[in-house]
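Some notes on the structure that comes next.
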Amino acid sequence: MKNFAILLLAITFLFGCKKDKENNPSGDYTKGLFVVNQGKFQSGTGTITFLSEKDSIPDLFTQQNTGQILGNIAQSMIKFGDYYLVAINNGSKVQVLNAKDFTHKGEINGISVPRYFASSGDKLFVSSWGDDFKSGSIKRLDPVTLTIKSSIAIGGAAEFMLISNNLLYVTVATVAETSKSLLVFDINTNALVQNIQLSDNPHAMVLDKNNALWVICSGNPDFANPANNTPGRLIKLVNNNIVASYVLSHGANSLTTNASKDVLYFLMDNQVFAHPIGATAFQPESLFQGFFMTLEYDKSNQELLLADAGDFQSNGRIIRLNPITKTTKSFKAGIVPGFVYFSE
């Protein structure tokens, strides 16, 4: 009987270890696909869904940081050196995490409504709307010392950023005030190089294979009278000069490219559209229907990832769309998935 009890204890131990191993996979999160879930507005916390070839974890931050919460609203993330940084919108801070095990290192406070990141070399920036949505800025961060190294005043709601040839491009969103601005700064001096006037409410931007810059503008809303909503636009710039401008529906947003950077993808009219950059006419193809928070391109699988928030109260999902065959599959995300990030 004693031997049987010892055997039973040994079996229980072995199965327990196996279960723990399954629930706590490799422990290395330096590479993989991350979904930043905003969480319920005002009353919830953001979460991070992690996906790799081996692991699928619905709430990585909570798993790796027992008793802590990420914050409300989780907006975006980036990997910089040995750290991941997550912008916490309503919390006015940036969470800093160890890149390998995703444990919490600390936070950088004093960033009013942080939005999106951009980096180049040893420089890391986050955009900020400002508390009044009029006095936004670009903050240069140091994740090692958890400090703000410098700040560039924008005079509006700083939104998406992109760095090319030591120039920092910043779209200024229409939030409290109307904006058409794409600001260009020298990242070595923080000096404003150019203020390019595009169309109402500039949003996301990408570079194509020829290094032309494409910017999508959403148009300005008139909530009292939607008939006065202004249209969106897709604008192409070469050497900071506008060379093409295409009218889109109001509310057009999100912009990404395929791996070869010769096809643009964007969201409009509750549809996913594709536009080859070499097309002689602007006749974007509708690939898929549905309302999505954002879209991103998975180069390894040659698929579009579409963030479906569902009812905004329960867990959403990420739809994988093959843009050629139009076939789809999906995986679960957290509440209000709003940003997709690849760490390679």
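Each chain in the structure tokens gets a letter, A, B, ..., in the order shown, and its residues are numbered from 1; ligands are numbered from 1 in order too.
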
With only C-alpha atoms counted and 7 Å as the cut-off, give the residues of range 59-125 of chain A in contact with range 135-151 of chain A, each with its shortest interatomic distance in Å and the pair that gives it, as a tab-separated table.
```
residue	atom	partner	partner_atom	distance
A:Val96	CA	A:Pro143	CA	6.6
A:Glu107	CA	A:Leu146	CA	6.3
A:Ile108	CA	A:Leu146	CA	5.2
A:Lys123	CA	A:Arg140	CA	7.0
A:Leu124	CA	A:Arg140	CA	5.6
A:Phe125	CA	A:Arg140	CA	4.5
```

Deliver the residues from the most recent selection as a file, using C-alpha atoms, as a PDB file, in the first residue's frame.
```
ATOM      1  CA  VAL A  96       8.335  48.948 -19.964  1.00  0.00           C
ATOM      2  CA  GLU A 107       6.850  52.683 -16.293  1.00  0.00           C
ATOM      3  CA  ILE A 108       7.503  56.083 -17.810  1.00  0.00           C
ATOM      4  CA  LYS A 123      16.418  56.901 -30.635  1.00  0.00           C
ATOM      5  CA  LEU A 124      12.924  55.938 -29.497  1.00  0.00           C
ATOM      6  CA  PHE A 125       9.896  58.214 -29.758  1.00  0.00           C
TER       7      PHE A 125
END
```

List as a VMD selection string the protein and nucleic acid residues near Lys332 in chain A, meaning an atom at most 9 Å away when only C-alpha atoms are counted, but skip any in the same chain fewer than 4 places from it. chain A and resid 49 58 315 to 319

Write out as a PyMOL selection string the residues lying within 7 Å of range 176-190 of chain A, counting only C-alpha atoms and excluding same-chain residues fewer than 6 positions away. chain A and resi 133-134+152+166-170+196-202

Check the DSSP output for the backbone and give back, as a PyMOL selection string, the residues of range 58-167 of chain A in helix (DSSP H, G or I). chain A and resi 60-64

May I have the selected residues written with N, CA and C atoms, as an mmCIF file, in the first residue's frame?
```
data_model
loop_
_atom_site.group_PDB
_atom_site.id
_atom_site.type_symbol
_atom_site.label_atom_id
_atom_site.label_comp_id
_atom_site.auth_asym_id
_atom_site.auth_seq_id
_atom_site.Cartn_x
_atom_site.Cartn_y
_atom_site.Cartn_z
ATOM 1 N N LEU A 60 -0.718 37.588 -21.949
ATOM 2 C CA LEU A 60 0.683 37.371 -21.613
ATOM 3 C C LEU A 60 1.135 38.227 -20.440
ATOM 4 N N PHE A 61 0.704 39.476 -20.388
ATOM 5 C CA PHE A 61 1.154 40.362 -19.311
ATOM 6 C C PHE A 61 0.740 39.821 -17.946
ATOM 7 N N THR A 62 -0.521 39.433 -17.808
ATOM 8 C CA THR A 62 -0.999 38.915 -16.526
ATOM 9 C C THR A 62 -0.308 37.614 -16.160
ATOM 10 N N GLN A 63 -0.070 36.760 -17.161
ATOM 11 C CA GLN A 63 0.610 35.485 -16.897
ATOM 12 C C GLN A 63 2.013 35.713 -16.349
ATOM 13 N N GLN A 64 2.711 36.704 -16.874
ATOM 14 C CA GLN A 64 4.098 36.935 -16.493
ATOM 15 C C GLN A 64 4.253 37.931 -15.346
#
```

So that I can check the surroundings of Gly290 in chain A, please list as an MDAnalysis selection string every protein, DNA and RNA residue that reaches within 9 Å of it, counting only C-alpha atoms and ignoring chain neighbours fewer than 3 positions away. chainID A and resid 269:272 308

Neighbours of Gly32 in chain A within 8 Å (only C-alpha atoms; same-chain residues fewer than 6 positions away dropped), as number ranges by chain? A: 50-53, 342-344

Please identify all polymer residues within 6 Å of Val172 in chain A, counting only C-alpha atoms, omitting same-chain residues fewer than 6 positions from it, and present them as JSON, numbers by chain. {"A": [157, 158, 159, 181]}

What's around Pro226 in chain A at 12 Å? Count only C-alpha atoms, leave out sequence neighbours fewer than 5 positions away in its own chain, and write the answer as a VMD selection string. chain A and resid 219 to 221 231 250 to 251
